[in-house]
Amino acid sequence: MKMASPAAVQASSTRKVVLVTGANSGIGLALCGRILSEDNQIHLCLTCRNMQKAEAAKSELLLSHPGADVSLLKMDVGNVKSVIKGAIEIRQRYQRLDYLYLNAGIMPKPHFNLKTFLGCLFSREVFSRFTTGNGLLTQEDWLTDDGLQQVFMTNIFGHFLLIRNLEPLFDQAGCTTQIIWTSSRNAQRSAFSLTDYQHSQGQEPYSSSKYASDLLSVSLNKHYNSKGVFSSVVCPGLVMTNLTYGIFPPILWTILKPFMWLINIFINSFTLRPYNGVEAMVWLFRQKPESLDPIVKYCSCTSGLGNNYVAQNKMNIDIETAELFYQEMLKLENKMKANYSENWGQ
């Protein structure tokens with residue numbers, strides 16, 4: 001493992017450090033660009049699985065923000081060993097961590113339930129279903145090499161392991177760490193079960209994982225606020241990215257796009273563009289984390305006139321369930337530690 005240069009260590013000790021997972025396209029890349037527009041004196045670290053795409057993303061950011069301090073880190077949050085290796089390198093590079101945007105996520109092989117959609121088309125549920133995707137979207141899932149469900153590992157547990165392994169960077173003198181999860185309006189309590197938190201028995205692993213991120217955020221505040229760490233969740237709204245384009249065939253999206261822009265006049269959660277979708281993430285970048293409500297989900301919205309704003313929606317969270325889920329994550333972490341004891345925490 002290469003050690004960081006003295007110059008890099010010095011830079012990371014004086015500049016605010018912002019780390020973004022899943023940063024090479026879509027919401028992650030738009031977020032990086034807007035944060036650099038907010039503060040061009042930060043050090044921005046992009047963590048990505050594909051380094052070729054990461055290099056392209058970095059070049060794009062430097063083209064629009066010449067002189068920006070941007071670095072890359074190869075890490076796959078869907079793989080335990082990759083997360084542990086990445087966390088070790090982050091600890092070697094930096095002496096502080098000011099912002100941790102947990103944005104990486106997958107929605108594999110989504111299927112649109114046409115029968116459910118037609119059944120609610122002329123009911124009061126239609127707008128709620130359409131804005132949240134509740135009951136309309138199912139996905140296929142599979143096991144990782146670590147024996148975990150892939151959606152759970154990528155969207156939740158990989159990020160949890162990252163947080164746990166970055167603890168030495170928390171609670172530095174005069175610094176707070178703000179953790180920001182990319183959640184969703186699709187985070188439905190009905191899709192999550194504490195007895196099957198990996199959602200191995202269901203068909204809505206994405207919704208389950210996003211609700212799980214809401215639960216973890218609440219519990220992290222309970223356990224980490226005293227260490228200067230504050231966690232929040234955001235919803236980017238319906239954004240046209242590679243993830244959403246996978247729901248329908250390309251030809252159907254071509255037909256639907258004009259209607260999507262029309263619907264945006266009435267449904268402000270249809271942010272559509274990545275630039276609009278990161279509004280809540282950028283808003284949180286400006287806030288004092290101590291002043292934020294841990295039970296609120298900060299949602300990006302775009303009005304029919306194209307104005308972006310942030311809506312604050314109270315989450316449907318049971319505090320006891322959040323704590324029980326946090327304890328389950330600790331148990332699973334210990335299990336993974338036993339499997340990778342030779343690499344853990346070096």
# chains A, B, ... in the order shown; residues from 1 in each chain; ligands from 1
>>> select_by_dssp(residues="region 130-240 of chain A", states="strand (DSSP E or B)", output="PyMOL selection string")
chain A and resi 137-138+143+149+177-182+229-235+239
>>> residues_around(residues="region 145-147 of chain A", least_positions_apart="3", cutoff="10 Å", atoms="only C-alpha atoms", output="list in words")
Gly78, Asn79, Val80, Lys81, Trp142, Gln150, Met153, Met336 and Asn339 of chain A
>>> residues_around(residues="Gly33 (chain A)", least_positions_apart="4", cutoff="8 Å", atoms="only C-alpha atoms", output="PyMOL selection string")
chain A and resi 29+37+61+64-65
>>> atom_distance(atom1="CA of Gly22 (chain A)", atom2="CA of Phe160 (chain A)")
14.9 Å
>>> residues_around(residues="Gly304 (chain A)", least_positions_apart="3", cutoff="8 Å", atoms="only C-alpha atoms", output="list of chain:residue names")
A:Asn264, A:Ile265, A:Phe266, A:Asn268, A:Asn307
>>> atom_distance(atom1="CA of Leu215 (chain A)", atom2="CA of Leu330 (chain A)")
13.9 Å
>>> closest_residue(among="A:Pro258, A:Pro289, A:Gly174, A:Gly202", to="Ser231 (chain A)", atoms="only C-alpha atoms")
A:Pro289
>>> atom_distance(atom1="CA of Ile179 (chain A)", atom2="CA of Tyr99 (chain A)")
6.0 Å
>>> closest_residue(among="A:Thr21, A:Thr244, A:Ser219, A:Thr321", to="Ile295 (chain A)", atoms="only C-alpha atoms")
A:Ser219
>>> closest_residue(among="A:Glu328, A:Ser82, A:Phe230, A:Asn221", to="Gln198 (chain A)", atoms="only C-alpha atoms")
A:Glu328
>>> residues_around(residues="Met240 (chain A)", least_positions_apart="4", cutoff="8 Å", atoms="only C-alpha atoms", output="compact mmCIF listing (two decimals) with all heavy atoms, in the first residue's frame")
# COMPACT_ATOMS: atom_id res chain seq x y z
N THR A 244 -32.33 4.87 -13.46
CA THR A 244 -33.74 4.95 -13.82
C THR A 244 -33.97 4.53 -15.27
O THR A 244 -35.03 3.99 -15.59
CB THR A 244 -34.27 6.38 -13.62
OG1 THR A 244 -33.36 7.32 -14.19
CG2 THR A 244 -34.43 6.69 -12.16
N TYR A 245 -33.00 4.76 -16.15
CA TYR A 245 -33.17 4.36 -17.55
C TYR A 245 -33.30 2.85 -17.69
O TYR A 245 -33.79 2.35 -18.70
CB TYR A 245 -32.02 4.87 -18.40
CG TYR A 245 -32.17 6.31 -18.84
CD1 TYR A 245 -31.18 7.25 -18.60
CD2 TYR A 245 -33.32 6.72 -19.51
CE1 TYR A 245 -31.32 8.57 -18.99
CE2 TYR A 245 -33.47 8.04 -19.91
CZ TYR A 245 -32.48 8.96 -19.65
OH TYR A 245 -32.62 10.27 -20.04
N LEU A 272 -35.78 15.28 -12.43
CA LEU A 272 -35.39 14.88 -13.78
C LEU A 272 -33.91 15.03 -14.10
O LEU A 272 -33.26 14.08 -14.55
CB LEU A 272 -36.24 15.61 -14.83
CG LEU A 272 -37.76 15.39 -14.70
CD1 LEU A 272 -38.52 16.17 -15.78
CD2 LEU A 272 -38.12 13.92 -14.75
N ARG A 273 -33.32 16.19 -13.90
CA ARG A 273 -31.90 16.39 -14.20
C ARG A 273 -31.04 16.16 -12.96
O ARG A 273 -31.42 16.57 -11.86
CB ARG A 273 -31.66 17.81 -14.72
CG ARG A 273 -32.33 18.14 -16.04
CD ARG A 273 -32.19 19.62 -16.36
NE ARG A 273 -30.80 20.06 -16.30
CZ ARG A 273 -30.42 21.23 -15.82
NH1 ARG A 273 -31.30 22.07 -15.31
NH2 ARG A 273 -29.15 21.57 -15.83
N PRO A 274 -29.87 15.51 -13.13
CA PRO A 274 -28.99 15.31 -11.98
C PRO A 274 -28.65 16.60 -11.25
O PRO A 274 -28.57 16.62 -10.02
CB PRO A 274 -27.74 14.68 -12.61
CG PRO A 274 -28.25 13.93 -13.79
CD PRO A 274 -29.36 14.80 -14.33
>>> residues_around(residues="region 322-325 of chain A", least_positions_apart="3", cutoff="8 Å", atoms="only C-alpha atoms", output="ChimeraX atom specification")
/A:194,215-216,218-219,317-319,328-329
>>> write_last_selection(atoms="all heavy atoms", output="JSON list (two decimals), in the first residue's frame")
[["chain", "number", "residue", "atom", "x", "y", "z"],
["A", 194, "LEU", "N", -37.04, -6.68, 9.79],
["A", 194, "LEU", "CA", -35.88, -6.86, 10.64],
["A", 194, "LEU", "C", -35.39, -8.30, 10.63],
["A", 194, "LEU", "O", -34.19, -8.56, 10.82],
["A", 194, "LEU", "CB", -36.21, -6.41, 12.06],
["A", 194, "LEU", "CG", -35.04, -6.16, 13.02],
["A", 194, "LEU", "CD1", -34.08, -5.12, 12.46],
["A", 194, "LEU", "CD2", -35.57, -5.71, 14.38],
["A", 215, "LEU", "N", -33.05, 4.06, 8.60],
["A", 215, "LEU", "CA", -32.90, 3.52, 9.95],
["A", 215, "LEU", "C", -31.48, 3.72, 10.47],
["A", 215, "LEU", "O", -31.28, 4.17, 11.61],
["A", 215, "LEU", "CB", -33.22, 2.02, 9.95],
["A", 215, "LEU", "CG", -34.68, 1.61, 9.72],
["A", 215, "LEU", "CD1", -34.76, 0.09, 9.55],
["A", 215, "LEU", "CD2", -35.58, 2.05, 10.86],
["A", 216, "LEU", "N", -30.50, 3.40, 9.63],
["A", 216, "LEU", "CA", -29.11, 3.52, 10.06],
["A", 216, "LEU", "C", -28.73, 4.96, 10.35],
["A", 216, "LEU", "O", -27.99, 5.24, 11.30],
["A", 216, "LEU", "CB", -28.17, 2.95, 8.99],
["A", 216, "LEU", "CG", -27.82, 1.48, 9.09],
["A", 216, "LEU", "CD1", -26.78, 1.10, 8.03],
["A", 216, "LEU", "CD2", -27.30, 1.12, 10.48],
["A", 218, "VAL", "N", -30.59, 7.33, 11.51],
["A", 218, "VAL", "CA", -31.13, 7.69, 12.83],
["A", 218, "VAL", "C", -30.26, 7.11, 13.94],
["A", 218, "VAL", "O", -29.91, 7.79, 14.91],
["A", 218, "VAL", "CB", -32.59, 7.20, 12.95],
["A", 218, "VAL", "CG1", -33.08, 7.35, 14.39],
["A", 218, "VAL", "CG2", -33.49, 7.98, 12.01],
["A", 219, "SER", "N", -29.87, 5.84, 13.80],
["A", 219, "SER", "CA", -29.06, 5.19, 14.85],
["A", 219, "SER", "C", -27.65, 5.76, 14.90],
["A", 219, "SER", "O", -27.06, 5.86, 15.99],
["A", 219, "SER", "CB", -29.00, 3.68, 14.59],
["A", 219, "SER", "OG", -30.25, 3.09, 14.82],
["A", 317, "ILE", "N", -40.19, 6.38, 10.86],
["A", 317, "ILE", "CA", -39.14, 5.56, 11.48],
["A", 317, "ILE", "C", -39.53, 5.20, 12.92],
["A", 317, "ILE", "O", -39.95, 6.05, 13.69],
["A", 317, "ILE", "CB", -37.80, 6.33, 11.51],
["A", 317, "ILE", "CG1", -37.26, 6.53, 10.08],
["A", 317, "ILE", "CG2", -36.77, 5.60, 12.36],
["A", 317, "ILE", "CD1", -36.81, 5.27, 9.40],
["A", 318, "ASP", "N", -39.36, 3.92, 13.24],
["A", 318, "ASP", "CA", -39.51, 3.46, 14.60],
["A", 318, "ASP", "C", -38.12, 3.42, 15.24],
["A", 318, "ASP", "O", -37.24, 2.70, 14.76],
["A", 318, "ASP", "CB", -40.16, 2.07, 14.63],
["A", 318, "ASP", "CG", -40.29, 1.52, 16.04],
["A", 318, "ASP", "OD1", -41.17, 2.01, 16.77],
["A", 318, "ASP", "OD2", -39.50, 0.63, 16.41],
["A", 319, "ILE", "N", -37.92, 4.20, 16.29],
["A", 319, "ILE", "CA", -36.59, 4.34, 16.90],
["A", 319, "ILE", "C", -36.07, 3.00, 17.42],
["A", 319, "ILE", "O", -34.88, 2.69, 17.29],
["A", 319, "ILE", "CB", -36.64, 5.37, 18.05],
["A", 319, "ILE", "CG1", -37.13, 6.73, 17.52],
["A", 319, "ILE", "CG2", -35.26, 5.51, 18.68],
["A", 319, "ILE", "CD1", -36.26, 7.33, 16.45],
["A", 328, "GLU", "N", -27.81, -5.37, 14.66],
["A", 328, "GLU", "CA", -27.64, -6.45, 13.68],
["A", 328, "GLU", "C", -26.48, -6.17, 12.75],
["A", 328, "GLU", "O", -25.73, -7.07, 12.36],
["A", 328, "GLU", "CB", -28.93, -6.64, 12.88],
["A", 328, "GLU", "CG", -30.09, -7.23, 13.66],
["A", 328, "GLU", "CD", -29.79, -8.64, 14.17],
["A", 328, "GLU", "OE1", -29.15, -9.43, 13.44],
["A", 328, "GLU", "OE2", -30.19, -8.94, 15.31],
["A", 329, "MET", "N", -26.30, -4.91, 12.39],
["A", 329, "MET", "CA", -25.17, -4.53, 11.53],
["A", 329, "MET", "C", -23.84, -4.76, 12.25],
["A", 329, "MET", "O", -22.85, -5.20, 11.63],
["A", 329, "MET", "CB", -25.28, -3.07, 11.11],
["A", 329, "MET", "CG", -26.45, -2.75, 10.18],
["A", 329, "MET", "SD", -26.37, -3.62, 8.60],
["A", 329, "MET", "CE", -27.38, -5.06, 8.99]]
>>> residues_around(residues="Leu36 (chain A)", least_positions_apart="4", cutoff="9 Å", atoms="only C-alpha atoms", output="number ranges by chain")
A: 31-32, 40-42, 44, 61, 65, 68
>>> closest_residue(among="A:Gln188, A:Pro66, A:His43, A:Glu60", to="Arg93 (chain A)", atoms="only C-alpha atoms")
A:His43
>>> decode(residues="region 176-206 of chain A", atoms="N, CA, C and O atoms", output="tab-separated table (two decimals), in the first residue's frame")
chain	number	residue	atom	x	y	z
A	176	THR	N	-16.18	18.70	12.49
A	176	THR	CA	-17.28	17.75	12.55
A	176	THR	C	-17.29	16.96	11.24
A	176	THR	O	-16.73	17.40	10.23
A	177	THR	N	-17.90	15.80	11.27
A	177	THR	CA	-18.06	14.99	10.06
A	177	THR	C	-19.54	14.86	9.76
A	177	THR	O	-20.32	14.46	10.63
A	178	GLN	N	-19.90	15.21	8.55
A	178	GLN	CA	-21.30	15.13	8.13
A	178	GLN	C	-21.45	13.96	7.17
A	178	GLN	O	-20.82	13.92	6.10
A	179	ILE	N	-22.27	12.98	7.54
A	179	ILE	CA	-22.56	11.83	6.69
A	179	ILE	C	-23.91	12.05	6.02
A	179	ILE	O	-24.90	12.36	6.68
A	180	ILE	N	-23.94	11.90	4.71
A	180	ILE	CA	-25.17	12.16	3.95
A	180	ILE	C	-25.47	10.95	3.06
A	180	ILE	O	-24.71	10.64	2.14
A	181	TRP	N	-26.58	10.27	3.36
A	181	TRP	CA	-26.99	9.09	2.61
A	181	TRP	C	-27.92	9.49	1.47
A	181	TRP	O	-28.84	10.28	1.67
A	182	THR	N	-27.72	8.91	0.30
A	182	THR	CA	-28.69	9.08	-0.78
A	182	THR	C	-29.78	8.04	-0.58
A	182	THR	O	-29.59	6.85	-0.85
A	183	SER	N	-30.92	8.50	-0.09
A	183	SER	CA	-32.07	7.62	0.12
A	183	SER	C	-33.04	7.81	-1.04
A	183	SER	O	-32.63	8.13	-2.15
A	184	SER	N	-34.32	7.62	-0.78
A	184	SER	CA	-35.30	7.69	-1.86
A	184	SER	C	-36.70	7.80	-1.28
A	184	SER	O	-36.95	7.41	-0.13
A	185	ARG	N	-37.62	8.34	-2.07
A	185	ARG	CA	-39.03	8.27	-1.69
A	185	ARG	C	-39.53	6.83	-1.79
A	185	ARG	O	-40.59	6.50	-1.29
A	186	ASN	N	-38.77	5.98	-2.46
A	186	ASN	CA	-39.10	4.56	-2.59
A	186	ASN	C	-38.73	3.78	-1.33
A	186	ASN	O	-38.91	2.57	-1.26
A	187	ALA	N	-38.18	4.48	-0.31
A	187	ALA	CA	-37.83	3.82	0.96
A	187	ALA	C	-39.12	3.53	1.73
A	187	ALA	O	-39.62	4.38	2.46
A	188	GLN	N	-39.65	2.33	1.55
A	188	GLN	CA	-40.94	1.99	2.14
A	188	GLN	C	-40.77	1.06	3.34
A	188	GLN	O	-40.12	0.04	3.26
A	189	ARG	N	-41.42	1.45	4.44
A	189	ARG	CA	-41.38	0.63	5.66
A	189	ARG	C	-41.93	-0.77	5.39
A	189	ARG	O	-41.45	-1.77	5.95
A	190	SER	N	-42.92	-0.87	4.51
A	190	SER	CA	-43.55	-2.16	4.22
A	190	SER	C	-42.61	-3.12	3.51
A	190	SER	O	-42.84	-4.34	3.52
A	191	ALA	N	-41.54	-2.60	2.89
A	191	ALA	CA	-40.61	-3.47	2.16
A	191	ALA	C	-39.50	-4.01	3.06
A	191	ALA	O	-38.76	-4.91	2.67
A	192	PHE	N	-39.39	-3.45	4.27
A	192	PHE	CA	-38.28	-3.82	5.17
A	192	PHE	C	-38.76	-4.75	6.28
A	192	PHE	O	-39.83	-4.55	6.85
A	193	SER	N	-37.95	-5.75	6.57
A	193	SER	CA	-38.23	-6.65	7.69
A	193	SER	C	-36.95	-6.85	8.49
A	193	SER	O	-35.90	-7.17	7.92
A	194	LEU	N	-37.04	-6.68	9.79
A	194	LEU	CA	-35.88	-6.86	10.64
A	194	LEU	C	-35.39	-8.30	10.63
A	194	LEU	O	-34.19	-8.56	10.82
A	195	THR	N	-36.29	-9.25	10.40
A	195	THR	CA	-35.91	-10.66	10.36
A	195	THR	C	-35.35	-11.06	8.99
A	195	THR	O	-34.81	-12.16	8.85
A	196	ASP	N	-35.49	-10.19	8.01
A	196	ASP	CA	-34.93	-10.44	6.67
A	196	ASP	C	-34.40	-9.12	6.12
A	196	ASP	O	-34.81	-8.64	5.08
A	197	TYR	N	-33.46	-8.50	6.88
A	197	TYR	CA	-33.00	-7.15	6.51
A	197	TYR	C	-32.21	-7.13	5.22
A	197	TYR	O	-32.03	-6.07	4.63
A	198	GLN	N	-31.72	-8.30	4.77
A	198	GLN	CA	-31.06	-8.34	3.46
A	198	GLN	C	-32.06	-8.51	2.32
A	198	GLN	O	-31.70	-8.46	1.16
A	199	HIS	N	-33.33	-8.73	2.66
A	199	HIS	CA	-34.42	-8.85	1.70
A	199	HIS	C	-34.19	-10.02	0.74
A	199	HIS	O	-34.46	-9.92	-0.46
A	200	SER	N	-33.72	-11.13	1.28
A	200	SER	CA	-33.47	-12.31	0.46
A	200	SER	C	-34.76	-13.00	0.04
A	200	SER	O	-34.78	-13.76	-0.93
A	201	GLN	N	-35.85	-12.75	0.79
A	201	GLN	CA	-37.12	-13.41	0.51
A	201	GLN	C	-38.11	-12.54	-0.25
A	201	GLN	O	-39.22	-12.99	-0.56
A	202	GLY	N	-37.74	-11.32	-0.56
A	202	GLY	CA	-38.67	-10.40	-1.20
A	202	GLY	C	-38.28	-10.03	-2.61
A	202	GLY	O	-37.28	-10.51	-3.16
A	203	GLN	N	-39.05	-9.13	-3.20
A	203	GLN	CA	-38.81	-8.68	-4.57
A	203	GLN	C	-38.57	-7.17	-4.66
A	203	GLN	O	-38.54	-6.63	-5.76
A	204	GLU	N	-38.41	-6.52	-3.52
A	204	GLU	CA	-38.16	-5.08	-3.52
A	204	GLU	C	-36.90	-4.75	-2.72
A	204	GLU	O	-36.94	-3.98	-1.76
A	205	PRO	N	-35.75	-5.34	-3.11
A	205	PRO	CA	-34.52	-5.09	-2.34
A	205	PRO	C	-34.09	-3.63	-2.35
A	205	PRO	O	-33.49	-3.16	-1.38
A	206	TYR	N	-34.38	-2.90	-3.42
A	206	TYR	CA	-33.98	-1.49	-3.49
A	206	TYR	C	-34.75	-0.68	-2.45
A	206	TYR	O	-34.16	0.08	-1.67
